[in-house]
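This is final06.cif. It holds mmCIF, N, CA and C atoms.
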data_my_file
loop_
_atom_site.label_atom_id
_atom_site.label_comp_id
_atom_site.auth_asym_id
_atom_site.auth_seq_id
_atom_site.Cartn_x
_atom_site.Cartn_y
_atom_site.Cartn_z
N MET I 1 -3.90 163.69 -198.96
CA MET I 1 -2.66 163.31 -198.32
C MET I 1 -2.46 164.11 -197.03
N ILE I 2 -2.92 165.33 -196.99
CA ILE I 2 -2.74 166.14 -195.78
C ILE I 2 -3.54 165.56 -194.62
N PHE I 3 -4.75 165.05 -194.93
CA PHE I 3 -5.56 164.44 -193.88
C PHE I 3 -4.88 163.20 -193.33
N ALA I 4 -4.29 162.40 -194.22
CA ALA I 4 -3.63 161.17 -193.79
C ALA I 4 -2.44 161.47 -192.89
N SER I 5 -1.68 162.49 -193.21
CA SER I 5 -0.50 162.80 -192.39
C SER I 5 -0.92 163.37 -191.02
N ILE I 6 -1.99 164.16 -191.00
CA ILE I 6 -2.48 164.67 -189.71
C ILE I 6 -3.05 163.53 -188.87
N PHE I 7 -3.81 162.65 -189.49
CA PHE I 7 -4.37 161.50 -188.78
C PHE I 7 -3.27 160.61 -188.24
N THR I 8 -2.24 160.37 -189.05
CA THR I 8 -1.12 159.53 -188.60
C THR I 8 -0.41 160.16 -187.41
N THR I 9 -0.19 161.45 -187.46
CA THR I 9 0.47 162.14 -186.35
C THR I 9 -0.34 162.04 -185.07
N VAL I 10 -1.63 162.28 -185.16
CA VAL I 10 -2.50 162.18 -183.99
C VAL I 10 -2.53 160.74 -183.46
N LEU I 11 -2.59 159.77 -184.36
CA LEU I 11 -2.61 158.36 -183.96
C LEU I 11 -1.33 157.97 -183.23
N ILE I 12 -0.19 158.40 -183.74
CA ILE I 12 1.09 158.04 -183.12
C ILE I 12 1.24 158.71 -181.76
N VAL I 13 0.83 159.96 -181.65
CA VAL I 13 0.89 160.65 -180.35
C VAL I 13 -0.02 159.95 -179.35
N ALA I 14 -1.22 159.59 -179.78
CA ALA I 14 -2.15 158.91 -178.88
C ALA I 14 -1.62 157.54 -178.45
N MET I 15 -1.03 156.81 -179.39
CA MET I 15 -0.47 155.50 -179.04
C MET I 15 0.71 155.62 -178.10
N SER I 16 1.57 156.61 -178.32
CA SER I 16 2.73 156.79 -177.44
C SER I 16 2.30 157.18 -176.03
N LEU I 17 1.35 158.10 -175.93
CA LEU I 17 0.87 158.50 -174.61
C LEU I 17 0.16 157.37 -173.89
N SER I 18 -0.64 156.60 -174.62
CA SER I 18 -1.33 155.48 -173.97
C SER I 18 -0.34 154.40 -173.54
N ALA I 19 0.70 154.16 -174.35
CA ALA I 19 1.72 153.18 -173.96
C ALA I 19 2.44 153.63 -172.70
N MET I 20 2.77 154.90 -172.62
CA MET I 20 3.44 155.39 -171.42
C MET I 20 2.52 155.33 -170.20
N PHE I 21 1.24 155.64 -170.38
CA PHE I 21 0.28 155.55 -169.28
C PHE I 21 0.16 154.12 -168.78
N ILE I 22 0.09 153.16 -169.70
CA ILE I 22 0.02 151.75 -169.32
C ILE I 22 1.28 151.33 -168.57
N LEU I 23 2.45 151.77 -169.05
CA LEU I 23 3.70 151.39 -168.40
C LEU I 23 3.85 152.01 -167.02
N VAL I 24 3.39 153.23 -166.84
CA VAL I 24 3.45 153.86 -165.52
C VAL I 24 2.53 153.13 -164.55
N GLN I 25 1.33 152.78 -165.00
CA GLN I 25 0.40 152.04 -164.13
C GLN I 25 0.98 150.66 -163.79
N ALA I 26 1.62 150.00 -164.76
CA ALA I 26 2.23 148.70 -164.49
C ALA I 26 3.39 148.83 -163.50
N THR I 27 4.17 149.90 -163.60
CA THR I 27 5.27 150.11 -162.67
C THR I 27 4.76 150.32 -161.25
N ILE I 28 3.70 151.10 -161.12
CA ILE I 28 3.10 151.31 -159.79
C ILE I 28 2.60 149.99 -159.23
N TYR I 29 1.98 149.19 -160.05
CA TYR I 29 1.47 147.89 -159.60
C TYR I 29 2.61 146.95 -159.22
N VAL I 30 3.66 146.91 -160.04
CA VAL I 30 4.77 145.99 -159.79
C VAL I 30 5.53 146.36 -158.53
N THR I 31 5.74 147.64 -158.28
CA THR I 31 6.50 148.03 -157.09
C THR I 31 5.72 147.78 -155.81
N ALA I 32 4.42 147.56 -155.91
CA ALA I 32 3.62 147.27 -154.72
C ALA I 32 3.62 145.79 -154.35
N ILE I 33 4.20 144.93 -155.18
CA ILE I 33 4.24 143.49 -154.89
C ILE I 33 5.24 143.24 -153.77
N ALA I 34 4.82 142.48 -152.78
CA ALA I 34 5.65 142.26 -151.59
C ALA I 34 6.72 141.19 -151.80
N SER I 35 6.37 140.12 -152.48
CA SER I 35 7.30 139.00 -152.65
C SER I 35 8.39 139.36 -153.67
N PRO I 36 9.67 139.20 -153.30
CA PRO I 36 10.75 139.55 -154.23
C PRO I 36 10.74 138.69 -155.50
N LEU I 37 10.40 137.41 -155.37
CA LEU I 37 10.39 136.53 -156.54
C LEU I 37 9.27 136.93 -157.51
N GLN I 38 8.09 137.21 -156.97
CA GLN I 38 6.98 137.64 -157.82
C GLN I 38 7.25 139.01 -158.42
N ARG I 39 7.89 139.89 -157.64
CA ARG I 39 8.21 141.22 -158.15
C ARG I 39 9.22 141.13 -159.29
N MET I 40 10.19 140.22 -159.17
CA MET I 40 11.18 140.05 -160.22
C MET I 40 10.52 139.53 -161.51
N ALA I 41 9.63 138.58 -161.38
CA ALA I 41 8.92 138.06 -162.55
C ALA I 41 8.04 139.15 -163.18
N ALA I 42 7.39 139.93 -162.34
CA ALA I 42 6.54 141.02 -162.84
C ALA I 42 7.37 142.10 -163.53
N MET I 43 8.58 142.35 -163.04
CA MET I 43 9.44 143.34 -163.68
C MET I 43 9.88 142.85 -165.06
N GLY I 44 10.14 141.57 -165.19
CA GLY I 44 10.47 141.00 -166.50
C GLY I 44 9.31 141.12 -167.47
N ALA I 45 8.10 140.81 -166.98
CA ALA I 45 6.91 140.93 -167.82
C ALA I 45 6.65 142.39 -168.20
N GLU I 46 6.89 143.30 -167.27
CA GLU I 46 6.70 144.73 -167.54
C GLU I 46 7.70 145.22 -168.59
N THR I 47 8.93 144.75 -168.50
CA THR I 47 9.94 145.12 -169.49
C THR I 47 9.55 144.62 -170.88
N LEU I 48 9.09 143.38 -170.95
CA LEU I 48 8.63 142.82 -172.22
C LEU I 48 7.44 143.60 -172.77
N LEU I 49 6.51 143.96 -171.90
CA LEU I 49 5.36 144.75 -172.31
C LEU I 49 5.79 146.11 -172.86
N GLY I 50 6.74 146.75 -172.20
CA GLY I 50 7.24 148.04 -172.65
C GLY I 50 7.90 147.95 -174.01
N VAL I 51 8.70 146.92 -174.21
CA VAL I 51 9.37 146.74 -175.50
C VAL I 51 8.34 146.53 -176.61
N VAL I 52 7.35 145.69 -176.35
CA VAL I 52 6.33 145.41 -177.36
C VAL I 52 5.52 146.67 -177.67
N LEU I 53 5.09 147.39 -176.65
CA LEU I 53 4.28 148.59 -176.88
C LEU I 53 5.04 149.68 -177.61
N LEU I 54 6.25 149.97 -177.16
CA LEU I 54 6.99 151.08 -177.77
C LEU I 54 7.55 150.72 -179.15
N LEU I 55 8.00 149.49 -179.34
CA LEU I 55 8.45 149.10 -180.67
C LEU I 55 7.28 149.01 -181.65
N GLY I 56 6.13 148.59 -181.15
CA GLY I 56 4.93 148.56 -182.00
C GLY I 56 4.54 149.96 -182.44
N THR I 57 4.66 150.91 -181.55
CA THR I 57 4.34 152.30 -181.90
C THR I 57 5.32 152.83 -182.95
N VAL I 58 6.60 152.56 -182.77
CA VAL I 58 7.61 153.02 -183.74
C VAL I 58 7.40 152.33 -185.08
N TRP I 59 7.11 151.03 -185.06
CA TRP I 59 6.88 150.30 -186.31
C TRP I 59 5.68 150.88 -187.06
N LEU I 60 4.60 151.11 -186.34
CA LEU I 60 3.41 151.64 -186.99
C LEU I 60 3.66 153.04 -187.55
N ALA I 61 4.39 153.85 -186.82
CA ALA I 61 4.69 155.21 -187.30
C ALA I 61 5.49 155.17 -188.59
N THR I 62 6.53 154.36 -188.63
CA THR I 62 7.35 154.30 -189.85
C THR I 62 6.59 153.63 -190.99
N HIS I 63 5.81 152.61 -190.69
CA HIS I 63 5.04 151.93 -191.73
C HIS I 63 4.04 152.89 -192.38
N LEU I 64 3.32 153.63 -191.56
CA LEU I 64 2.34 154.58 -192.11
C LEU I 64 3.02 155.73 -192.86
N ALA I 65 4.16 156.19 -192.35
CA ALA I 65 4.87 157.27 -193.03
C ALA I 65 5.35 156.82 -194.41
N VAL I 66 5.83 155.60 -194.52
CA VAL I 66 6.27 155.09 -195.82
C VAL I 66 5.08 154.92 -196.75
N ARG I 67 3.96 154.43 -196.22
CA ARG I 67 2.76 154.26 -197.05
C ARG I 67 2.22 155.60 -197.55
N ILE I 68 2.32 156.64 -196.73
CA ILE I 68 1.78 157.94 -197.12
C ILE I 68 2.74 158.69 -198.03
N PHE I 69 4.01 158.75 -197.64
CA PHE I 69 4.97 159.61 -198.34
C PHE I 69 5.89 158.87 -199.30
N GLY I 70 5.76 157.53 -199.39
CA GLY I 70 6.65 156.77 -200.27
C GLY I 70 6.34 157.00 -201.73
N LYS I 71 7.32 156.66 -202.58
CA LYS I 71 7.13 156.79 -204.03
C LYS I 71 6.08 155.80 -204.49
N LYS I 72 5.20 156.25 -205.36
CA LYS I 72 4.20 155.37 -205.94
C LYS I 72 4.76 154.81 -207.23
N GLU I 73 4.73 153.48 -207.39
CA GLU I 73 5.21 152.85 -208.60
C GLU I 73 4.05 152.69 -209.58
N MET I 74 4.38 152.69 -210.84
CA MET I 74 3.37 152.50 -211.86
C MET I 74 2.94 151.04 -211.89
N ALA I 75 1.77 150.78 -212.47
CA ALA I 75 1.22 149.43 -212.52
C ALA I 75 2.08 148.49 -213.34
N GLY I 76 2.73 148.99 -214.39
CA GLY I 76 3.56 148.16 -215.27
C GLY I 76 4.97 147.94 -214.74
N GLY I 77 5.31 148.53 -213.65
CA GLY I 77 6.65 148.40 -213.12
C GLY I 77 7.53 149.56 -213.55
N PRO I 78 8.76 149.63 -213.09
CA PRO I 78 9.62 150.77 -213.38
C PRO I 78 10.11 150.84 -214.84
N LEU I 79 10.16 149.69 -215.53
CA LEU I 79 10.68 149.70 -216.90
C LEU I 79 9.58 149.74 -217.95
N ALA I 80 8.35 149.69 -217.59
CA ALA I 80 7.25 149.64 -218.57
C ALA I 80 6.98 150.98 -219.21
#

Can you dump the structure from the file as structure tokens?
Amino acid sequence: MIFASIFTTVLIVAMSLSAMFILVQATIYVTAIASPLQRMAAMGAETLLGVVLLLGTVWLATHLAVRIFGKKEMAGGPLA
């Protein structure tokens, strides 16, 4: 269990840092667009990308934490 929690922590940190790196690169690219209409569309796409990346990271972190540290139920159920 200790290995799983360390692996999960490293995975979540790596995913968060990579998501932020991707979003910073996308922001640099979007701000360089000359056309206001294209820049506005790119900003919407960048916002959607950020929401998907960061919510995905949070979902994975909580999902793995529950799988690792959650209560284990018996095979027969709670009343067996």

- Do a neighbour search on I:Glu46 at 8 Å with only N, CA and C atoms, toss out local chain neighbours closer than 6 positions, and write the hits as JSON, numbers by chain. {"I": [23, 26, 27, 40, 52]}

- Interatomic distance, atom N of I:Gly56 to atom N of I:Ile22 (Å, one decimal):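 If I compute the distance from atom N of I:Gly56 to atom N of I:Ile22, I get 13.7 Å.
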
Which residues of stretch 18-48 of chain I have any atom within 8 Å of an atom in stretch 9-14 of chain I when counting only N, CA and C atoms, and what is the closest pair of atoms for each, with the distance in Å to one decimal? Order the rows by chain and rising number and write it as CSV.
residue,atom,partner,partner_atom,distance
I:Ser18,N,I:Ala14,C,4.1
I:Ala19,N,I:Ala14,C,5.8
I:Met20,N,I:Ala14,C,7.8

With N, CA and C atoms retained, export the selected residues as a PDB file, in the coordinates of the input.
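The resulting file, again_17.pdb, is reproduced below:
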ATOM      1  N   SER I  18      -0.640 156.600-174.620  1.00  0.00           N
ATOM      2  CA  SER I  18      -1.330 155.480-173.970  1.00  0.00           C
ATOM      3  C   SER I  18      -0.340 154.400-173.540  1.00  0.00           C
ATOM      4  N   ALA I  19       0.700 154.160-174.350  1.00  0.00           N
ATOM      5  CA  ALA I  19       1.720 153.180-173.960  1.00  0.00           C
ATOM      6  C   ALA I  19       2.440 153.630-172.700  1.00  0.00           C
ATOM      7  N   MET I  20       2.770 154.900-172.620  1.00  0.00           N
ATOM      8  CA  MET I  20       3.440 155.390-171.420  1.00  0.00           C
ATOM      9  C   MET I  20       2.520 155.330-170.200  1.00  0.00           C
TER      10      MET I  20
END

Centre and size of axis-aligned box enclosing stretch 38-52 of chain I plus 6 Å each side, as AutoDock Vina command-line options:
--center_x 8.3 --center_y 142.6 --center_z -167.3 --size_x 17.8 --size_y 22.8 --size_z 32.7

Alpha helix (DSSP H) positions in chain I, given as a PDB file with N, CA and C atoms, in the coordinates of the input:
ATOM      1  N   ILE I   2      -2.920 165.330-196.990  1.00  0.00           N
ATOM      2  CA  ILE I   2      -2.740 166.140-195.780  1.00  0.00           C
ATOM      3  C   ILE I   2      -3.540 165.560-194.620  1.00  0.00           C
ATOM      4  N   PHE I   3      -4.750 165.050-194.930  1.00  0.00           N
ATOM      5  CA  PHE I   3      -5.560 164.440-193.880  1.00  0.00           C
ATOM      6  C   PHE I   3      -4.880 163.200-193.330  1.00  0.00           C
ATOM      7  N   ALA I   4      -4.290 162.400-194.220  1.00  0.00           N
ATOM      8  CA  ALA I   4      -3.630 161.170-193.790  1.00  0.00           C
ATOM      9  C   ALA I   4      -2.440 161.470-192.890  1.00  0.00           C
ATOM     10  N   SER I   5      -1.680 162.490-193.210  1.00  0.00           N
ATOM     11  CA  SER I   5      -0.500 162.800-192.390  1.00  0.00           C
ATOM     12  C   SER I   5      -0.920 163.370-191.020  1.00  0.00           C
ATOM     13  N   ILE I   6      -1.990 164.160-191.000  1.00  0.00           N
ATOM     14  CA  ILE I   6      -2.480 164.670-189.710  1.00  0.00           C
ATOM     15  C   ILE I   6      -3.050 163.530-188.870  1.00  0.00           C
ATOM     16  N   PHE I   7      -3.810 162.650-189.490  1.00  0.00           N
ATOM     17  CA  PHE I   7      -4.370 161.500-188.780  1.00  0.00           C
ATOM     18  C   PHE I   7      -3.270 160.610-188.240  1.00  0.00           C
ATOM     19  N   THR I   8      -2.240 160.370-189.050  1.00  0.00           N
ATOM     20  CA  THR I   8      -1.120 159.530-188.600  1.00  0.00           C
ATOM     21  C   THR I   8      -0.410 160.160-187.410  1.00  0.00           C
ATOM     22  N   THR I   9      -0.190 161.450-187.460  1.00  0.00           N
ATOM     23  CA  THR I   9       0.470 162.140-186.350  1.00  0.00           C
ATOM     24  C   THR I   9      -0.340 162.040-185.070  1.00  0.00           C
ATOM     25  N   VAL I  10      -1.630 162.280-185.160  1.00  0.00           N
ATOM     26  CA  VAL I  10      -2.500 162.180-183.990  1.00  0.00           C
ATOM     27  C   VAL I  10      -2.530 160.740-183.460  1.00  0.00           C
ATOM     28  N   LEU I  11      -2.590 159.770-184.360  1.00  0.00           N
ATOM     29  CA  LEU I  11      -2.610 158.360-183.960  1.00  0.00           C
ATOM     30  C   LEU I  11      -1.330 157.970-183.230  1.00  0.00           C
ATOM     31  N   ILE I  12      -0.190 158.400-183.740  1.00  0.00           N
ATOM     32  CA  ILE I  12       1.090 158.040-183.120  1.00  0.00           C
ATOM     33  C   ILE I  12       1.240 158.710-181.760  1.00  0.00           C
ATOM     34  N   VAL I  13       0.830 159.960-181.650  1.00  0.00           N
ATOM     35  CA  VAL I  13       0.890 160.650-180.350  1.00  0.00           C
ATOM     36  C   VAL I  13      -0.020 159.950-179.350  1.00  0.00           C
ATOM     37  N   ALA I  14      -1.220 159.590-179.780  1.00  0.00           N
ATOM     38  CA  ALA I  14      -2.150 158.910-178.880  1.00  0.00           C
ATOM     39  C   ALA I  14      -1.620 157.540-178.450  1.00  0.00           C
ATOM     40  N   MET I  15      -1.030 156.810-179.390  1.00  0.00           N
ATOM     41  CA  MET I  15      -0.470 155.500-179.040  1.00  0.00           C
ATOM     42  C   MET I  15       0.710 155.620-178.100  1.00  0.00           C
ATOM     43  N   SER I  16       1.570 156.610-178.320  1.00  0.00           N
ATOM     44  CA  SER I  16       2.730 156.790-177.440  1.00  0.00           C
ATOM     45  C   SER I  16       2.300 157.180-176.030  1.00  0.00           C
ATOM     46  N   LEU I  17       1.350 158.100-175.930  1.00  0.00           N
ATOM     47  CA  LEU I  17       0.870 158.500-174.610  1.00  0.00           C
ATOM     48  C   LEU I  17       0.160 157.370-173.890  1.00  0.00           C
ATOM     49  N   SER I  18      -0.640 156.600-174.620  1.00  0.00           N
ATOM     50  CA  SER I  18      -1.330 155.480-173.970  1.00  0.00           C
ATOM     51  C   SER I  18      -0.340 154.400-173.540  1.00  0.00           C
ATOM     52  N   ALA I  19       0.700 154.160-174.350  1.00  0.00           N
ATOM     53  CA  ALA I  19       1.720 153.180-173.960  1.00  0.00           C
ATOM     54  C   ALA I  19       2.440 153.630-172.700  1.00  0.00           C
ATOM     55  N   MET I  20       2.770 154.900-172.620  1.00  0.00           N
ATOM     56  CA  MET I  20       3.440 155.390-171.420  1.00  0.00           C
ATOM     57  C   MET I  20       2.520 155.330-170.200  1.00  0.00           C
ATOM     58  N   PHE I  21       1.240 155.640-170.380  1.00  0.00           N
ATOM     59  CA  PHE I  21       0.280 155.550-169.280  1.00  0.00           C
ATOM     60  C   PHE I  21       0.160 154.120-168.780  1.00  0.00           C
ATOM     61  N   ILE I  22       0.090 153.160-169.700  1.00  0.00           N
ATOM     62  CA  ILE I  22       0.020 151.750-169.320  1.00  0.00           C
ATOM     63  C   ILE I  22       1.280 151.330-168.570  1.00  0.00           C
ATOM     64  N   LEU I  23       2.450 151.770-169.050  1.00  0.00           N
ATOM     65  CA  LEU I  23       3.700 151.390-168.400  1.00  0.00           C
ATOM     66  C   LEU I  23       3.850 152.010-167.020  1.00  0.00           C
ATOM     67  N   VAL I  24       3.390 153.230-166.840  1.00  0.00           N
ATOM     68  CA  VAL I  24       3.450 153.860-165.520  1.00  0.00           C
ATOM     69  C   VAL I  24       2.530 153.130-164.550  1.00  0.00           C
ATOM     70  N   GLN I  25       1.330 152.780-165.000  1.00  0.00           N
ATOM     71  CA  GLN I  25       0.400 152.040-164.130  1.00  0.00           C
ATOM     72  C   GLN I  25       0.980 150.660-163.790  1.00  0.00           C
ATOM     73  N   ALA I  26       1.620 150.000-164.760  1.00  0.00           N
ATOM     74  CA  ALA I  26       2.230 148.700-164.490  1.00  0.00           C
ATOM     75  C   ALA I  26       3.390 148.830-163.500  1.00  0.00           C
ATOM     76  N   THR I  27       4.170 149.900-163.600  1.00  0.00           N
ATOM     77  CA  THR I  27       5.270 150.110-162.670  1.00  0.00           C
ATOM     78  C   THR I  27       4.760 150.320-161.250  1.00  0.00           C
ATOM     79  N   ILE I  28       3.700 151.100-161.120  1.00  0.00           N
ATOM     80  CA  ILE I  28       3.100 151.310-159.790  1.00  0.00           C
ATOM     81  C   ILE I  28       2.600 149.990-159.230  1.00  0.00           C
ATOM     82  N   TYR I  29       1.980 149.190-160.050  1.00  0.00           N
ATOM     83  CA  TYR I  29       1.470 147.890-159.600  1.00  0.00           C
ATOM     84  C   TYR I  29       2.610 146.950-159.220  1.00  0.00           C
ATOM     85  N   VAL I  30       3.660 146.910-160.040  1.00  0.00           N
ATOM     86  CA  VAL I  30       4.770 145.990-159.790  1.00  0.00           C
ATOM     87  C   VAL I  30       5.530 146.360-158.530  1.00  0.00           C
ATOM     88  N   THR I  31       5.740 147.640-158.280  1.00  0.00           N
ATOM     89  CA  THR I  31       6.500 148.030-157.090  1.00  0.00           C
ATOM     90  C   THR I  31       5.720 147.780-155.810  1.00  0.00           C
ATOM     91  N   PRO I  36       9.670 139.200-153.300  1.00  0.00           N
ATOM     92  CA  PRO I  36      10.750 139.550-154.230  1.00  0.00           C
ATOM     93  C   PRO I  36      10.740 138.690-155.500  1.00  0.00           C
ATOM     94  N   LEU I  37      10.400 137.410-155.370  1.00  0.00           N
ATOM     95  CA  LEU I  37      10.390 136.530-156.540  1.00  0.00           C
ATOM     96  C   LEU I  37       9.270 136.930-157.510  1.00  0.00           C
ATOM     97  N   GLN I  38       8.090 137.210-156.970  1.00  0.00           N
ATOM     98  CA  GLN I  38       6.980 137.640-157.820  1.00  0.00           C
ATOM     99  C   GLN I  38       7.250 139.010-158.420  1.00  0.00           C
ATOM    100  N   ARG I  39       7.890 139.890-157.640  1.00  0.00           N
ATOM    101  CA  ARG I  39       8.210 141.220-158.150  1.00  0.00           C
ATOM    102  C   ARG I  39       9.220 141.130-159.290  1.00  0.00           C
ATOM    103  N   MET I  40      10.190 140.220-159.170  1.00  0.00           N
ATOM    104  CA  MET I  40      11.180 140.050-160.220  1.00  0.00           C
ATOM    105  C   MET I  40      10.520 139.530-161.510  1.00  0.00           C
ATOM    106  N   ALA I  41       9.630 138.580-161.380  1.00  0.00           N
ATOM    107  CA  ALA I  41       8.920 138.060-162.550  1.00  0.00           C
ATOM    108  C   ALA I  41       8.040 139.150-163.180  1.00  0.00           C
ATOM    109  N   ALA I  42       7.390 139.930-162.340  1.00  0.00           N
ATOM    110  CA  ALA I  42       6.540 141.020-162.840  1.00  0.00           C
ATOM    111  C   ALA I  42       7.370 142.100-163.530  1.00  0.00           C
ATOM    112  N   MET I  43       8.580 142.350-163.040  1.00  0.00           N
ATOM    113  CA  MET I  43       9.440 143.340-163.680  1.00  0.00           C
ATOM    114  C   MET I  43       9.880 142.850-165.060  1.00  0.00           C
ATOM    115  N   GLY I  44      10.140 141.570-165.190  1.00  0.00           N
ATOM    116  CA  GLY I  44      10.470 141.000-166.500  1.00  0.00           C
ATOM    117  C   GLY I  44       9.310 141.120-167.470  1.00  0.00           C
ATOM    118  N   ALA I  45       8.100 140.810-166.980  1.00  0.00           N
ATOM    119  CA  ALA I  45       6.910 140.930-167.820  1.00  0.00           C
ATOM    120  C   ALA I  45       6.650 142.390-168.200  1.00  0.00           C
ATOM    121  N   GLU I  46       6.890 143.300-167.270  1.00  0.00           N
ATOM    122  CA  GLU I  46       6.700 144.730-167.540  1.00  0.00           C
ATOM    123  C   GLU I  46       7.700 145.220-168.590  1.00  0.00           C
ATOM    124  N   THR I  47       8.930 144.750-168.500  1.00  0.00           N
ATOM    125  CA  THR I  47       9.940 145.120-169.490  1.00  0.00           C
ATOM    126  C   THR I  47       9.550 144.620-170.880  1.00  0.00           C
ATOM    127  N   LEU I  48       9.090 143.380-170.950  1.00  0.00           N
ATOM    128  CA  LEU I  48       8.630 142.820-172.220  1.00  0.00           C
ATOM    129  C   LEU I  48       7.440 143.600-172.770  1.00  0.00           C
ATOM    130  N   LEU I  49       6.510 143.960-171.900  1.00  0.00           N
ATOM    131  CA  LEU I  49       5.360 144.750-172.310  1.00  0.00           C
ATOM    132  C   LEU I  49       5.790 146.110-172.860  1.00  0.00           C
ATOM    133  N   GLY I  50       6.740 146.750-172.200  1.00  0.00           N
ATOM    134  CA  GLY I  50       7.240 148.040-172.650  1.00  0.00           C
ATOM    135  C   GLY I  50       7.900 147.950-174.010  1.00  0.00           C
ATOM    136  N   VAL I  51       8.700 146.920-174.210  1.00  0.00           N
ATOM    137  CA  VAL I  51       9.370 146.740-175.500  1.00  0.00           C
ATOM    138  C   VAL I  51       8.340 146.530-176.610  1.00  0.00           C
ATOM    139  N   VAL I  52       7.350 145.690-176.350  1.00  0.00           N
ATOM    140  CA  VAL I  52       6.330 145.410-177.360  1.00  0.00           C
ATOM    141  C   VAL I  52       5.520 146.670-177.670  1.00  0.00           C
ATOM    142  N   LEU I  53       5.090 147.390-176.650  1.00  0.00           N
ATOM    143  CA  LEU I  53       4.280 148.590-176.880  1.00  0.00           C
ATOM    144  C   LEU I  53       5.040 149.680-177.610  1.00  0.00           C
ATOM    145  N   LEU I  54       6.250 149.970-177.160  1.00  0.00           N
ATOM    146  CA  LEU I  54       6.990 151.080-177.770  1.00  0.00           C
ATOM    147  C   LEU I  54       7.550 150.720-179.150  1.00  0.00           C
ATOM    148  N   LEU I  55       8.000 149.490-179.340  1.00  0.00           N
ATOM    149  CA  LEU I  55       8.450 149.100-180.670  1.00  0.00           C
ATOM    150  C   LEU I  55       7.280 149.010-181.650  1.00  0.00           C
ATOM    151  N   GLY I  56       6.130 148.590-181.150  1.00  0.00           N
ATOM    152  CA  GLY I  56       4.930 148.560-182.000  1.00  0.00           C
ATOM    153  C   GLY I  56       4.540 149.960-182.440  1.00  0.00           C
ATOM    154  N   THR I  57       4.660 150.910-181.550  1.00  0.00           N
ATOM    155  CA  THR I  57       4.340 152.300-181.900  1.00  0.00           C
ATOM    156  C   THR I  57       5.320 152.830-182.950  1.00  0.00           C
ATOM    157  N   VAL I  58       6.600 152.560-182.770  1.00  0.00           N
ATOM    158  CA  VAL I  58       7.610 153.020-183.740  1.00  0.00           C
ATOM    159  C   VAL I  58       7.400 152.330-185.080  1.00  0.00           C
ATOM    160  N   TRP I  59       7.110 151.030-185.060  1.00  0.00           N
ATOM    161  CA  TRP I  59       6.880 150.300-186.310  1.00  0.00           C
ATOM    162  C   TRP I  59       5.680 150.880-187.060  1.00  0.00           C
ATOM    163  N   LEU I  60       4.600 151.110-186.340  1.00  0.00           N
ATOM    164  CA  LEU I  60       3.410 151.640-186.990  1.00  0.00           C
ATOM    165  C   LEU I  60       3.660 153.040-187.550  1.00  0.00           C
ATOM    166  N   ALA I  61       4.390 153.850-186.820  1.00  0.00           N
ATOM    167  CA  ALA I  61       4.690 155.210-187.300  1.00  0.00           C
ATOM    168  C   ALA I  61       5.490 155.170-188.590  1.00  0.00           C
ATOM    169  N   THR I  62       6.530 154.360-188.630  1.00  0.00           N
ATOM    170  CA  THR I  62       7.350 154.300-189.850  1.00  0.00           C
ATOM    171  C   THR I  62       6.590 153.630-190.990  1.00  0.00           C
ATOM    172  N   HIS I  63       5.810 152.610-190.690  1.00  0.00           N
ATOM    173  CA  HIS I  63       5.040 151.930-191.730  1.00  0.00           C
ATOM    174  C   HIS I  63       4.040 152.890-192.380  1.00  0.00           C
ATOM    175  N   LEU I  64       3.320 153.630-191.560  1.00  0.00           N
ATOM    176  CA  LEU I  64       2.340 154.580-192.110  1.00  0.00           C
ATOM    177  C   LEU I  64       3.020 155.730-192.860  1.00  0.00           C
ATOM    178  N   ALA I  65       4.160 156.190-192.350  1.00  0.00           N
ATOM    179  CA  ALA I  65       4.870 157.270-193.030  1.00  0.00           C
ATOM    180  C   ALA I  65       5.350 156.820-194.410  1.00  0.00           C
ATOM    181  N   VAL I  66       5.830 155.600-194.520  1.00  0.00           N
ATOM    182  CA  VAL I  66       6.270 155.090-195.820  1.00  0.00           C
ATOM    183  C   VAL I  66       5.080 154.920-196.750  1.00  0.00           C
ATOM    184  N   ARG I  67       3.960 154.430-196.220  1.00  0.00           N
ATOM    185  CA  ARG I  67       2.760 154.260-197.050  1.00  0.00           C
ATOM    186  C   ARG I  67       2.220 155.600-197.550  1.00  0.00           C
ATOM    187  N   ILE I  68       2.320 156.640-196.730  1.00  0.00           N
ATOM    188  CA  ILE I  68       1.780 157.940-197.120  1.00  0.00           C
ATOM    189  C   ILE I  68       2.740 158.690-198.030  1.00  0.00           C
ATOM    190  N   PHE I  69       4.010 158.750-197.640  1.00  0.00           N
ATOM    191  CA  PHE I  69       4.970 159.610-198.340  1.00  0.00           C
ATOM    192  C   PHE I  69       5.890 158.870-199.300  1.00  0.00           C
TER     193      PHE I  69
END

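You will find atom CA of I:Ala4 at 7.1 Å from atom CA of I:Ile68.
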
- Message: Applying 8 Å and all atoms listed in the file, which residues near I:Thr8 remain after dropping the ones on its own chain fewer than 6 positions away? List them as a ChimeraX atom specification.
- Response: /I:2,14,61,64-65

- Rounded to one decimal in Å, what is the spacing between atom N of I:Gln25 and atom CA of I:Trp59?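 Between atom N of I:Gln25 and atom CA of I:Trp59 the gap works out to 22.2 Å.
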
- Query: So, counting only C-alpha atoms, which residue among I:Phe69, I:Tyr29, I:Phe21, I:Phe3 is closest to I:Ala42?
  - Reply: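 With only C-alpha atoms as the atom set, the closest residue is I:Tyr29.
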